[in-house]
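Student: Got a structure for you, questions after.
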Amino acid sequence: SGLQYIINDVGGERKIRSSSTVRLKYTGMCTNGKIFDSQVTDFRVNRLIPGLKEGLCMLGEGGRMILYIPPQLAYGSNWSGNIEPNSLVIYNVEVEKVIKR
């Protein structure tokens, strides 16, 4: 798919599925290091950008990873706030909780 990642911790036995709702602590940044988003919040995995969906489904509760998401799996040619069109984005994510599987 073009997704690149580093898994720091695969997490526990409660695995994430595309239909899961999860509480994530994350930071999203551009390749120049500029942070465009950072928070702790709940997400339905199937509503995230394709690169995050693909990466998160490799983790369980407590898992941590860094994702290097190419434009076709991120925001593509759409301009989104501080993200330039066709940009690779980097997400540092920690799964605090799998709320619903």
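Chain lettering (A, B, ...) mirrors the order of the structure tokens, residue numbering begins at 1 for each chain separately, and ligand numbering begins at 1 in order of display.
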Determine, counting only C-alpha atoms, which protein, DNA and RNA residues have an atom within 9 Å of an atom of A:Leu52; residues of the same chain fewer than 2 positions away are not included. Present the result as an NGL selection string.
Tutor: :A and (45 or 48-50 or 54-57 or 67 or 69 or 73-74 or 91)
Student: Keeping only N, CA and C atoms, write the selected residues to a file as a short mmCIF file (atom, residue, chain, number, x, y, z; two decimals), in the first residue's frame.
Tutor:
data_model
loop_
_atom_site.label_atom_id
_atom_site.label_comp_id
_atom_site.auth_asym_id
_atom_site.auth_seq_id
_atom_site.Cartn_x
_atom_site.Cartn_y
_atom_site.Cartn_z
N VAL A 45 -12.56 3.64 14.02
CA VAL A 45 -11.45 3.35 13.11
C VAL A 45 -11.88 3.44 11.65
N LEU A 48 -11.42 6.88 9.86
CA LEU A 48 -10.11 7.52 9.78
C LEU A 48 -9.56 7.42 8.36
N ILE A 49 -8.50 8.19 8.09
CA ILE A 49 -7.85 8.10 6.78
C ILE A 49 -7.31 6.68 6.60
N PRO A 50 -7.21 6.20 5.36
CA PRO A 50 -6.81 4.82 5.10
C PRO A 50 -5.50 4.39 5.77
N GLU A 54 -5.22 1.21 8.39
CA GLU A 54 -4.33 0.08 8.13
C GLU A 54 -3.36 -0.15 9.28
N GLY A 55 -2.76 0.92 9.76
CA GLY A 55 -1.79 0.80 10.84
C GLY A 55 -2.39 0.38 12.16
N LEU A 56 -3.50 0.99 12.53
CA LEU A 56 -4.09 0.68 13.83
C LEU A 56 -4.55 -0.76 13.94
N CYS A 57 -4.96 -1.35 12.84
CA CYS A 57 -5.43 -2.74 12.88
C CYS A 57 -4.31 -3.74 13.14
N LEU A 67 3.63 6.09 12.20
CA LEU A 67 3.18 5.81 10.84
C LEU A 67 3.68 6.89 9.90
N ILE A 69 2.71 8.06 6.43
CA ILE A 69 1.58 7.82 5.54
C ILE A 69 1.72 8.64 4.26
N LEU A 73 -2.76 7.57 0.93
CA LEU A 73 -3.39 6.95 2.11
C LEU A 73 -3.69 7.99 3.18
N ALA A 74 -3.40 9.26 2.88
CA ALA A 74 -3.62 10.34 3.85
C ALA A 74 -4.66 11.31 3.30
N TYR A 91 2.31 10.18 11.79
CA TYR A 91 1.49 10.10 13.00
C TYR A 91 2.22 9.25 14.03
#
Student: Might you pull out every residue within 8 Å of A:Val10, with only C-alpha atoms counted and same-chain residues fewer than 4 positions away left off, and present them as a VMD selection string?
Tutor: chain A and resid 58 to 60 62 to 64
Student: Rounded to one decimal in Å, what is the spacing between atom CA of A:Lys53 and atom CA of A:Ser18?
Tutor: 6.6 Å
Student: Can you check which residues of chain A DSSP gives as strand (DSSP E) on the backbone and send them as a PyMOL selection string?
Tutor: chain A and resi 4-9+21-30+35-44+64-69+89-100
Student: Create the file for the chosen residues now, containing C-alpha atoms and written as a PDB file, in the first residue's frame.
Tutor:
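So the final result, stored in again32.pdb, reads:
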ATOM      1  CA  GLN A   4       5.613   2.590   6.357  1.00  0.00           C
ATOM      2  CA  TYR A   5       5.643   2.206  10.116  1.00  0.00           C
ATOM      3  CA  ILE A   6       7.595   1.422  13.234  1.00  0.00           C
ATOM      4  CA  ILE A   7       5.779  -0.578  15.888  1.00  0.00           C
ATOM      5  CA  ASN A   8       7.129   0.346  19.321  1.00  0.00           C
ATOM      6  CA  ASP A   9       4.701  -1.917  21.210  1.00  0.00           C
ATOM      7  CA  THR A  21     -13.903   2.513  18.513  1.00  0.00           C
ATOM      8  CA  VAL A  22     -10.607   3.462  20.162  1.00  0.00           C
ATOM      9  CA  ARG A  23      -9.210   6.163  22.415  1.00  0.00           C
ATOM     10  CA  LEU A  24      -6.027   7.455  20.806  1.00  0.00           C
ATOM     11  CA  LYS A  25      -3.303   9.727  22.039  1.00  0.00           C
ATOM     12  CA  TYR A  26      -1.670  11.007  18.879  1.00  0.00           C
ATOM     13  CA  THR A  27       0.416  13.673  17.222  1.00  0.00           C
ATOM     14  CA  GLY A  28       0.211  14.342  13.497  1.00  0.00           C
ATOM     15  CA  MET A  29       3.037  16.206  11.801  1.00  0.00           C
ATOM     16  CA  CYS A  30       4.394  17.132   8.408  1.00  0.00           C
ATOM     17  CA  ILE A  35       2.622  19.582  14.171  1.00  0.00           C
ATOM     18  CA  PHE A  36      -0.843  19.926  12.650  1.00  0.00           C
ATOM     19  CA  ASP A  37      -2.807  18.026  15.313  1.00  0.00           C
ATOM     20  CA  SER A  38      -2.183  16.561  18.755  1.00  0.00           C
ATOM     21  CA  GLN A  39      -4.791  15.290  21.175  1.00  0.00           C
ATOM     22  CA  VAL A  40      -6.380  12.430  23.050  1.00  0.00           C
ATOM     23  CA  THR A  41      -9.782  11.526  21.665  1.00  0.00           C
ATOM     24  CA  ASP A  42     -12.102   8.678  20.685  1.00  0.00           C
ATOM     25  CA  PHE A  43     -12.366   7.565  17.045  1.00  0.00           C
ATOM     26  CA  ARG A  44     -14.258   4.989  15.058  1.00  0.00           C
ATOM     27  CA  ARG A  64       2.242   2.368  20.121  1.00  0.00           C
ATOM     28  CA  MET A  65       3.544   3.084  16.627  1.00  0.00           C
ATOM     29  CA  ILE A  66       4.853   5.723  14.263  1.00  0.00           C
ATOM     30  CA  LEU A  67       3.179   5.814  10.839  1.00  0.00           C
ATOM     31  CA  TYR A  68       4.650   7.384   7.709  1.00  0.00           C
ATOM     32  CA  ILE A  69       1.576   7.821   5.544  1.00  0.00           C
ATOM     33  CA  VAL A  89       2.282  12.833   6.968  1.00  0.00           C
ATOM     34  CA  ILE A  90       3.655  11.276  10.131  1.00  0.00           C
ATOM     35  CA  TYR A  91       1.492  10.096  13.001  1.00  0.00           C
ATOM     36  CA  ASN A  92       2.809   9.040  16.384  1.00  0.00           C
ATOM     37  CA  VAL A  93      -0.051   7.086  17.986  1.00  0.00           C
ATOM     38  CA  GLU A  94      -0.741   5.327  21.262  1.00  0.00           C
ATOM     39  CA  VAL A  95      -3.888   3.246  21.747  1.00  0.00           C
ATOM     40  CA  GLU A  96      -5.079   4.134  25.229  1.00  0.00           C
ATOM     41  CA  LYS A  97      -8.173   1.964  25.063  1.00  0.00           C
ATOM     42  CA  VAL A  98     -10.171  -0.245  22.731  1.00  0.00           C
ATOM     43  CA  ILE A  99     -13.642   0.971  23.707  1.00  0.00           C
ATOM     44  CA  LYS A 100     -15.675  -1.243  21.402  1.00  0.00           C
TER      45      LYS A 100
END
Student: Please run DSSP on the backbone and report, as a compact mmCIF listing (two decimals) with N, CA and C atoms, in the first residue's frame, all residues within chain A that come out as alpha helix (DSSP H).
Tutor:
# COMPACT_ATOMS: atom_id res chain seq x y z
N PRO A 50 -7.21 6.20 5.36
CA PRO A 50 -6.81 4.82 5.10
C PRO A 50 -5.50 4.39 5.77
N GLY A 51 -4.50 5.25 5.81
CA GLY A 51 -3.23 4.88 6.42
C GLY A 51 -3.33 4.63 7.91
N LEU A 52 -4.14 5.42 8.61
CA LEU A 52 -4.34 5.18 10.04
C LEU A 52 -5.13 3.90 10.26
N LYS A 53 -6.16 3.67 9.46
CA LYS A 53 -6.94 2.42 9.59
C LYS A 53 -6.03 1.20 9.44
N GLU A 54 -5.22 1.21 8.39
CA GLU A 54 -4.33 0.08 8.13
C GLU A 54 -3.36 -0.15 9.28
N GLY A 55 -2.76 0.92 9.76
CA GLY A 55 -1.79 0.80 10.84
C GLY A 55 -2.39 0.38 12.16
N LEU A 56 -3.50 0.99 12.53
CA LEU A 56 -4.09 0.68 13.83
C LEU A 56 -4.55 -0.76 13.94
Student: Do you know which residues are at most 9 Å from A:Ser77 counting only C-alpha atoms, after dropping those on the same chain fewer than 4 positions away, and could you put them as a VMD selection string?
Tutor: chain A and resid 71 to 72 84 to 87
Student: Include N, CA and C atoms and write out the residues we just selected as a CSV table (one decimal), in the first residue's frame.
Tutor:
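Wrote it out as again_27.csv, contents follow:
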chain,number,residue,atom,x,y,z
A,71,PRO,N,0.7,10.3,0.6
A,71,PRO,CA,-0.5,11.1,0.2
A,71,PRO,C,-1.8,10.3,-0.1
A,72,GLN,N,-1.6,9.2,-0.9
A,72,GLN,CA,-2.7,8.4,-1.4
A,72,GLN,C,-3.4,7.7,-0.2
A,84,GLU,N,0.0,20.6,3.3
A,84,GLU,CA,0.1,20.9,1.9
A,84,GLU,C,-0.5,19.7,1.1
A,85,PRO,N,-1.0,20.0,-0.1
A,85,PRO,CA,-1.5,19.0,-0.9
A,85,PRO,C,-0.4,18.0,-1.3
A,86,ASN,N,-0.8,16.7,-1.4
A,86,ASN,CA,0.1,15.6,-1.8
A,86,ASN,C,1.3,15.4,-0.8
A,87,SER,N,1.0,15.6,0.5
A,87,SER,CA,2.1,15.5,1.5
A,87,SER,C,2.1,14.2,2.2
Student: As an exercise, work out the distance from atom CA of A:Glu61 to atom CA of A:Leu88 in Å and give it to one decimal place.
Tutor: 26.1 Å
Student: I need the residue nearest A:Asn32 from this list: A:Ile83, A:Tyr75, A:Arg47, A:Arg14. Use only C-alpha atoms for the distance.
Tutor: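 Going through A:Ile83, A:Tyr75, A:Arg47, A:Arg14 one by one, the smallest distance to A:Asn32 is for A:Ile83.
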